[in-house]
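This is structure_28.tsv. It holds TSV, C-alpha atoms.
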```
chain	number	residue	atom	x	y	z
A	1	MET	CA	-20.30	75.65	20.58
A	2	ASN	CA	-23.92	76.05	19.51
A	3	ARG	CA	-25.48	75.14	16.21
A	4	THR	CA	-25.17	78.58	14.53
A	5	VAL	CA	-21.43	78.86	15.34
A	6	ARG	CA	-20.84	75.37	14.04
A	7	ILE	CA	-22.63	76.14	10.77
A	8	VAL	CA	-20.65	79.39	10.37
A	9	VAL	CA	-17.32	77.56	11.00
A	10	PHE	CA	-18.32	74.81	8.55
A	11	ALA	CA	-19.43	77.35	5.90
A	12	ALA	CA	-16.15	79.28	6.19
A	13	GLY	CA	-14.09	76.09	5.89
A	14	ALA	CA	-16.20	74.75	3.04
A	15	ALA	CA	-15.90	78.05	1.13
A	16	VAL	CA	-12.08	78.03	1.39
A	17	LEU	CA	-11.96	74.34	0.40
A	18	ALA	CA	-14.28	74.99	-2.57
A	19	VAL	CA	-12.03	77.80	-3.85
A	20	LEU	CA	-8.86	75.67	-3.48
A	21	VAL	CA	-10.42	72.56	-5.06
A	22	THR	CA	-11.81	74.55	-8.00
A	23	ASP	CA	-8.43	76.24	-8.49
A	24	SER	CA	-6.58	72.88	-8.50
A	25	LEU	CA	-9.11	71.23	-10.81
A	26	ILE	CA	-8.78	74.08	-13.34
A	27	HIS	CA	-5.02	73.65	-13.43
A	28	LEU	CA	-5.08	69.83	-13.71
A	29	PRO	CA	-3.61	68.44	-16.93
A	30	ALA	CA	-6.32	67.09	-19.27
A	31	PHE	CA	-7.40	63.43	-18.80
A	32	GLY	CA	-5.26	61.03	-20.82
A	33	GLY	CA	-2.78	63.66	-22.02
A	34	THR	CA	0.78	62.93	-23.15
A	35	VAL	CA	2.71	65.19	-20.74
A	36	HIS	CA	3.49	63.49	-17.42
A	37	PRO	CA	6.54	65.06	-15.70
A	38	TYR	CA	6.65	62.45	-12.93
A	39	ARG	CA	6.27	59.54	-15.34
A	40	HIS	CA	9.13	60.81	-17.49
A	41	ALA	CA	11.40	61.13	-14.45
A	42	ALA	CA	10.34	57.75	-12.99
A	43	VAL	CA	10.70	55.81	-16.28
A	44	VAL	CA	14.23	57.14	-16.84
A	45	ALA	CA	15.23	56.30	-13.25
A	46	ALA	CA	13.70	52.80	-13.52
A	47	LEU	CA	15.48	52.00	-16.79
A	48	LEU	CA	18.79	53.27	-15.35
A	49	ARG	CA	18.39	50.66	-12.54
A	50	ARG	CA	17.48	48.03	-15.21
A	51	THR	CA	13.97	47.48	-13.83
A	52	PRO	CA	11.44	46.95	-16.68
A	53	ASN	CA	8.39	47.29	-14.39
A	54	VAL	CA	8.45	50.99	-13.52
A	55	VAL	CA	5.76	50.64	-10.83
A	56	THR	CA	7.91	48.14	-8.93
A	57	ALA	CA	10.96	50.35	-9.44
A	58	ILE	CA	9.05	53.18	-7.73
A	59	ASN	CA	7.76	50.94	-4.91
A	60	PHE	CA	10.93	49.01	-4.12
A	61	ASP	CA	13.69	51.37	-5.21
A	62	GLN	CA	12.88	55.04	-5.86
A	63	ARG	CA	10.35	55.28	-3.01
A	64	GLY	CA	11.48	52.27	-0.98
A	65	LEU	CA	11.12	54.17	2.28
A	66	ASP	CA	7.37	54.64	1.62
A	67	THR	CA	6.98	50.88	1.11
A	68	PHE	CA	8.93	50.26	4.32
A	69	GLY	CA	6.48	52.54	6.15
A	70	GLU	CA	3.47	50.81	4.59
A	71	GLU	CA	4.74	47.38	5.60
A	72	ALA	CA	5.38	48.62	9.13
A	73	ILE	CA	1.73	49.78	9.22
A	74	LEU	CA	0.56	46.35	8.00
A	75	PHE	CA	2.81	44.64	10.56
A	76	ALA	CA	1.45	46.79	13.40
A	77	SER	CA	-2.19	46.34	12.27
A	78	VAL	CA	-1.85	42.56	12.20
A	79	ILE	CA	-0.37	42.58	15.72
A	80	GLY	CA	-3.19	44.89	16.87
A	81	ALA	CA	-5.93	42.69	15.40
A	82	VAL	CA	-4.38	39.50	16.81
A	83	THR	CA	-4.11	41.13	20.24
A	84	LEU	CA	-7.76	42.21	20.18
A	85	LEU	CA	-8.99	38.80	18.98
A	86	ARG	CA	-7.03	36.59	21.40
A	87	PRO	CA	-9.20	34.44	23.71
A	88	SER	CA	-10.21	36.53	26.73
A	89	LYS	CA	-10.30	35.31	30.34
A	90	ASP	CA	-13.84	33.94	30.07
A	91	GLU	CA	-13.15	32.08	26.82
A	92	ARG	CA	-11.30	28.89	26.13
A	93	VAL	CA	-9.95	27.21	23.01
A	94	THR	CA	-12.29	24.50	21.73
A	95	ARG	CA	-12.09	21.87	19.02
A	96	PRO	CA	-13.21	23.43	15.75
A	97	PRO	CA	-16.13	21.65	14.07
A	98	GLU	CA	-15.29	19.12	11.36
A	99	GLY	CA	-16.21	20.31	7.87
A	100	GLY	CA	-19.82	20.58	6.84
A	101	ARG	CA	-21.10	19.31	3.53
A	102	VAL	CA	-19.04	20.62	0.57
A	103	LEU	CA	-20.24	20.12	-3.01
A	104	GLN	CA	-18.06	17.67	-4.95
A	105	ALA	CA	-17.55	20.32	-7.65
A	106	THR	CA	-16.39	22.90	-5.06
A	107	ARG	CA	-14.05	20.31	-3.52
A	108	LEU	CA	-12.53	19.44	-6.91
A	109	ALA	CA	-12.16	23.07	-8.04
A	110	GLY	CA	-10.65	24.06	-4.70
A	111	TYR	CA	-8.05	21.30	-4.58
A	112	VAL	CA	-7.11	21.79	-8.25
A	113	LEU	CA	-6.84	25.58	-7.86
A	114	LEU	CA	-4.97	25.49	-4.54
A	115	PRO	CA	-1.53	24.56	-5.96
A	116	VAL	CA	-2.15	26.65	-9.11
A	117	THR	CA	-2.90	29.75	-7.00
A	118	LEU	CA	0.17	29.22	-4.82
A	119	VAL	CA	2.41	28.89	-7.89
A	120	VAL	CA	0.85	32.01	-9.47
A	121	GLY	CA	1.38	33.91	-6.21
A	122	ALA	CA	5.03	32.89	-5.98
A	123	ASP	CA	5.47	33.79	-9.66
A	124	VAL	CA	3.98	37.25	-9.12
A	125	VAL	CA	6.29	37.82	-6.12
A	126	VAL	CA	9.57	36.81	-7.77
A	127	HIS	CA	8.86	38.47	-11.14
A	128	GLY	CA	7.76	41.76	-9.58
A	129	HIS	CA	10.59	43.70	-11.19
A	130	LEU	CA	9.83	42.29	-14.68
A	131	THR	CA	6.04	41.96	-15.02
A	132	PRO	CA	3.02	43.54	-13.29
A	133	GLY	CA	2.86	42.56	-9.65
A	134	GLY	CA	5.37	42.31	-6.86
A	135	GLY	CA	5.63	41.33	-3.23
A	136	PHE	CA	2.39	42.89	-2.12
A	137	GLN	CA	0.11	41.51	-4.84
A	138	GLY	CA	1.79	38.10	-4.86
A	139	GLY	CA	1.69	37.93	-1.08
A	140	VAL	CA	-2.06	38.54	-0.99
A	141	ILE	CA	-2.59	35.92	-3.73
A	142	LEU	CA	-0.55	33.39	-1.70
A	143	ALA	CA	-2.47	34.14	1.49
A	144	THR	CA	-5.94	33.95	-0.09
A	145	GLY	CA	-4.96	30.88	-2.14
A	146	LEU	CA	-4.07	28.99	1.03
A	147	HIS	CA	-7.63	29.50	2.29
A	148	LEU	CA	-8.95	27.43	-0.63
A	149	ALA	CA	-8.13	24.51	1.69
A	150	TYR	CA	-10.88	25.83	3.98
A	151	VAL	CA	-13.35	26.42	1.12
A	152	ALA	CA	-12.76	23.00	-0.45
A	153	GLY	CA	-12.01	21.01	2.69
A	154	SER	CA	-12.67	21.95	6.27
A	155	TYR	CA	-11.23	24.17	8.98
A	156	PRO	CA	-9.11	21.32	10.45
A	157	THR	CA	-7.64	20.80	6.93
A	158	LEU	CA	-6.65	24.45	6.77
A	159	ARG	CA	-5.18	24.22	10.28
A	160	ARG	CA	-3.02	21.25	9.32
A	161	ILE	CA	-1.41	23.09	6.38
A	162	ARG	CA	-1.13	26.32	8.38
A	163	PRO	CA	1.14	25.93	11.39
A	164	LEU	CA	0.38	29.39	12.70
A	165	ARG	CA	3.57	29.82	14.72
A	166	TRP	CA	5.68	29.55	11.54
A	167	TYR	CA	3.57	32.20	9.85
A	168	GLU	CA	4.14	34.51	12.81
A	169	TYR	CA	7.89	33.90	12.45
A	170	GLY	CA	7.55	34.50	8.69
A	171	GLU	CA	5.89	37.85	9.20
A	172	THR	CA	8.68	38.97	11.51
A	173	ALA	CA	11.33	37.59	9.14
A	174	GLY	CA	9.84	39.50	6.19
A	175	MET	CA	9.80	42.76	8.12
A	176	ALA	CA	13.31	42.13	9.44
A	177	GLY	CA	14.48	41.34	5.90
A	178	VAL	CA	13.30	44.74	4.66
A	179	ALA	CA	15.00	46.46	7.60
A	180	ALA	CA	18.20	44.48	6.91
A	181	LEU	CA	18.12	45.60	3.24
A	182	GLY	CA	17.75	49.19	4.44
A	183	ILE	CA	20.67	48.91	6.84
A	184	ALA	CA	22.76	47.19	4.14
A	185	GLY	CA	22.15	50.27	1.97
A	186	VAL	CA	23.42	52.51	4.77
A	187	ALA	CA	26.43	50.24	5.39
A	188	ALA	CA	27.34	50.33	1.69
A	189	GLY	CA	27.30	54.12	1.85
A	190	GLY	CA	24.22	54.69	-0.31
A	191	GLY	CA	21.62	55.60	2.31
A	192	PHE	CA	18.66	53.68	3.82
A	193	LEU	CA	17.23	51.14	1.31
A	194	ALA	CA	19.63	52.30	-1.40
A	195	ASN	CA	19.93	49.94	-4.37
A	196	VAL	CA	23.53	48.85	-3.76
A	197	LEU	CA	23.71	45.39	-5.42
A	198	PRO	CA	25.00	44.82	-8.97
A	199	LEU	CA	22.21	45.56	-11.46
A	200	GLY	CA	22.75	42.56	-13.78
A	201	THR	CA	21.27	42.20	-17.26
A	202	PHE	CA	18.06	44.07	-18.14
A	203	GLY	CA	15.09	41.65	-18.08
A	204	ASN	CA	16.79	38.75	-16.29
A	205	LEU	CA	15.19	37.13	-13.24
A	206	ILE	CA	18.23	38.04	-11.15
A	207	SER	CA	18.73	41.70	-12.03
A	208	ALA	CA	17.73	45.19	-10.87
A	209	GLY	CA	19.88	44.95	-7.71
A	210	THR	CA	17.96	44.86	-4.44
A	211	VAL	CA	14.50	45.18	-6.08
A	212	PRO	CA	13.73	41.40	-6.29
A	213	LEU	CA	15.07	40.83	-2.74
A	214	PHE	CA	12.91	43.67	-1.41
A	215	SER	CA	9.93	42.23	-3.31
A	216	VAL	CA	10.46	38.73	-1.91
A	217	ALA	CA	10.83	40.08	1.66
A	218	ILE	CA	7.58	42.04	1.25
A	219	GLY	CA	5.95	38.96	-0.30
A	220	ILE	CA	6.84	36.85	2.75
A	221	GLU	CA	5.66	39.55	5.15
A	222	VAL	CA	2.34	40.21	3.36
A	223	ALA	CA	1.50	36.53	2.73
A	224	THR	CA	2.20	35.45	6.31
A	225	GLY	CA	0.71	38.64	7.78
A	226	VAL	CA	-2.62	38.22	5.95
A	227	VAL	CA	-2.72	34.51	6.93
A	228	VAL	CA	-2.11	35.40	10.61
A	229	LEU	CA	-4.76	38.15	10.41
A	230	LEU	CA	-7.42	35.88	8.87
A	231	ALA	CA	-6.42	33.09	11.28
A	232	ALA	CA	-7.10	35.38	14.25
A	233	PHE	CA	-10.67	35.90	12.99
A	234	LEU	CA	-11.20	32.25	12.07
A	235	GLU	CA	-9.85	30.98	15.42
A	236	GLN	CA	-12.06	33.42	17.31
A	237	ASP	CA	-15.07	32.33	15.28
A	238	LEU	CA	-14.55	28.56	15.02
A	239	ALA	CA	-12.25	27.46	17.82
A	240	THR	CA	-13.18	29.68	20.76
A	241	GLY	CA	-16.00	29.04	23.19
A	242	LYS	CA	-17.24	30.26	26.53
A	243	ALA	CA	-15.30	28.84	29.46
A	244	SER	CA	-17.37	26.22	31.27
A	245	THR	CA	-16.29	27.30	34.75
B	1	MET	CA	-10.06	52.30	-25.31
B	2	THR	CA	-11.78	55.53	-24.28
B	3	ALA	CA	-15.20	53.92	-24.78
B	4	LEU	CA	-14.19	51.08	-22.44
B	5	VAL	CA	-12.92	53.60	-19.87
B	6	LEU	CA	-16.21	55.55	-20.03
B	7	VAL	CA	-18.30	52.37	-19.70
B	8	MET	CA	-16.21	51.17	-16.75
B	9	LEU	CA	-16.35	54.59	-15.06
B	10	ALA	CA	-20.15	54.52	-15.36
B	11	LEU	CA	-20.31	50.95	-14.00
B	12	VAL	CA	-17.99	51.82	-11.10
B	13	ALA	CA	-20.17	54.84	-10.25
B	14	VAL	CA	-23.32	52.67	-10.30
B	15	ALA	CA	-21.67	49.90	-8.26
B	16	GLY	CA	-20.31	52.42	-5.72
B	17	THR	CA	-23.81	53.84	-5.26
B	18	VAL	CA	-25.21	50.33	-4.81
B	19	VAL	CA	-22.57	49.63	-2.11
B	20	THR	CA	-23.51	52.77	-0.16
B	21	TRP	CA	-27.22	51.95	-0.49
B	22	THR	CA	-26.74	48.42	0.85
B	23	ALA	CA	-27.43	48.82	4.55
B	24	GLU	CA	-26.86	45.27	5.83
B	25	PRO	CA	-23.09	44.65	6.37
B	26	THR	CA	-23.03	41.03	5.15
B	27	ARG	CA	-24.85	41.97	1.94
B	28	GLN	CA	-22.59	45.01	1.64
B	29	ALA	CA	-19.55	42.71	1.65
B	30	VAL	CA	-20.92	41.04	-1.50
B	31	THR	CA	-21.69	44.30	-3.32
B	32	LEU	CA	-18.28	45.63	-2.24
B	33	SER	CA	-16.66	42.58	-3.80
B	34	VAL	CA	-18.49	43.16	-7.12
B	35	TYR	CA	-17.50	46.84	-6.95
B	36	GLY	CA	-13.88	45.74	-6.39
B	37	VAL	CA	-13.88	43.56	-9.52
B	38	LEU	CA	-15.34	46.41	-11.63
B	39	LEU	CA	-12.77	48.84	-10.23
B	40	SER	CA	-9.91	46.49	-11.10
B	41	VAL	CA	-11.20	46.23	-14.70
B	42	LEU	CA	-11.24	50.05	-14.82
B	43	PHE	CA	-7.62	50.15	-13.61
B	44	LEU	CA	-6.71	47.60	-16.28
B	45	ALA	CA	-8.42	49.74	-18.94
B	46	LEU	CA	-6.42	52.74	-17.68
B	47	ALA	CA	-3.18	50.74	-18.26
B	48	ALA	CA	-2.42	50.16	-14.56
B	49	PRO	CA	-2.13	46.36	-14.26
B	50	ASP	CA	-0.18	46.52	-10.97
B	51	ILE	CA	-2.94	48.42	-9.23
B	52	ALA	CA	-5.58	46.22	-10.90
B	53	LEU	CA	-3.90	43.16	-9.37
B	54	SER	CA	-3.75	44.74	-5.90
B	55	GLN	CA	-7.38	45.85	-6.18
B	56	LEU	CA	-8.52	42.40	-7.30
B	57	ALA	CA	-6.70	40.62	-4.46
B	58	VAL	CA	-7.37	43.09	-1.65
B	59	GLY	CA	-10.54	44.94	-2.65
B	60	SER	CA	-12.59	42.05	-3.96
B	61	ALA	CA	-11.26	39.14	-1.87
B	62	VAL	CA	-9.58	40.03	1.42
B	63	VAL	CA	-11.61	43.09	2.48
B	64	PRO	CA	-15.08	41.52	1.92
B	65	LEU	CA	-13.84	38.35	3.65
B	66	MET	CA	-12.64	40.36	6.64
B	67	VAL	CA	-15.96	42.25	6.78
B	68	LEU	CA	-17.85	38.92	6.84
B	69	LEU	CA	-15.55	37.45	9.50
B	70	ALA	CA	-15.74	40.62	11.62
B	71	VAL	CA	-19.56	40.63	11.42
B	72	ARG	CA	-19.65	36.95	12.44
B	73	THR	CA	-17.24	37.54	15.32
B	74	VAL	CA	-19.26	40.52	16.61
B	75	ARG	CA	-22.56	38.62	16.32
B	76	SER	CA	-21.31	35.48	18.08
B	77	ALA	CA	-19.79	37.69	20.82
B	78	GLY	CA	-23.17	39.43	21.21
B	79	LYS	CA	-24.94	36.06	21.64
B	80	ARG	CA	-22.68	34.98	24.52
B	81	PRO	CA	-23.70	36.09	28.00
B	82	ARG	CA	-21.87	39.25	28.89
B	83	SER	CA	-18.95	38.77	31.23
B	84	PRO	CA	-18.94	40.82	34.44
B	85	ARG	CA	-16.75	43.89	34.24
B	86	ARG	CA	-13.34	43.51	35.75
```
Could you write out this file's structure as structure tokens?
Amino acid sequence: MNRTVRIVVFAAGAAVLAVLVTDSLIHLPAFGGTVHPYRHAAVVAALLRRTPNVVTAINFDQRGLDTFGEEAILFASVIGAVTLLRPSKDERVTRPPEGGRVLQATRLAGYVLLPVTLVVGADVVVHGHLTPGGGFQGGVILATGLHLAYVAGSYPTLRRIRPLRWYEYGETAGMAGVAALGIAGVAAGGGFLANVLPLGTFGNLISAGTVPLFSVAIGIEVATGVVVLLAAFLEQDLATGKAST
Amino acid sequence: MTALVLVMLALVAVAGTVVTWTAEPTRQAVTLSVYGVLLSVLFLALAAPDIALSQLAVGSAVVPLMVLLAVRTVRSAGKRPRSPRR
């Protein structure tokens, strides 16, 4: 395919795309309007399942299958990255260097914020159905919060509070938990990931049926998955050297 | 409210341009992080706190961190003598 043909093909495609995009943009509702058909449908459905946070109701109930797919993608990407970053035949695992100099202020802020961040992360995970947040956001907060031990301390400190094997188990357990919830929905006759548990009282911590369980399972999977992912990079960078033989 | 949205939209556009104009990957990680914070404020102004939280955690913390770690890994791999092909 020579240059002229390529330009003609591109121009034809671009012209069709331009027409379609212009047509869709003209028919878009105005910015910040009051008519939102999907919002009206989603809010009603969320309140019927006694879930105050509509976004979580969509993620973990109305469109639970999409979240299941997303978590499967995260699960597979973490496995892929860990596989690529494992020590190759000409590398061997070395002792990571002890921590360099850390400012006293950084050390203090890190160690004070470490437990605070972990509590905030857990709070965001378990209150996903009530307040903004949920398993994904809380999981990422938990995973990044843990790395404050590296910022404030040293890599060996982080390693001590991060037994990697258990995080690998955790990632699998989170993913398996979501799958189990899905199969439970089928077994109860409601379909994959159907919200089959009692809904409880609107606004209570234990309410909204399977939504908090789904959120916690996702929280475990995301938190441990991100830790395993970052650990693969950190191990490759700090604890892998060229084999001496 | 609308004024805040307009200001944040303008800031996000400026920050996005700065990110694309930053050529060096390690510097780009820093500008990307700033862009992520601005974007999460925009989401908050548009009444989407859930997305703002995701954006803050992923876009301004984890992604720049992974870019930095990936750049370091690639550079230290480049410094090592190349292994013979198997």
Original post:
Quick one: which residues from chain B are at most 7 Å off chain A, using only C-alpha atoms, as an NGL selection string?
Top reply: :B and (49-50 or 53-54 or 57 or 69 or 73)
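The residue that comes closest to Val18 in chain B, out of B:Leu32, B:Leu44, B:Leu39, B:Val5 and on the basis of all atoms listed in the file, is B:Leu32.
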Original post:
What separation in Å, quoted to one decimal, exists between CA of Arg95 in chain A and CA of Leu68 in chain B?
Top reply: 21.7 Å
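Using all atoms listed in the file, the nearest neighbour of Leu114 in chain A within the list A:Val78, A:Leu48, A:Val227, A:Ala149 is A:Ala149.
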Original post:
Looking at A:Ile218, A:Ala81, A:Ile58, A:Ala105, which one is nearest to Tyr38 in chain A, with distances taken over all atoms listed in the file?
Top reply: A:Ile58
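The spacing separating CA of Ser33 in chain B from CA of Gly59 in chain B amounts to 6.7 Å.
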Original post:
CA of Tyr155 in chain A and CA of Val102 in chain A are how many Å apart?
Top reply: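 Interatomic distance, CA of Tyr155 in chain A to CA of Val102 in chain A: 12.0 Å.
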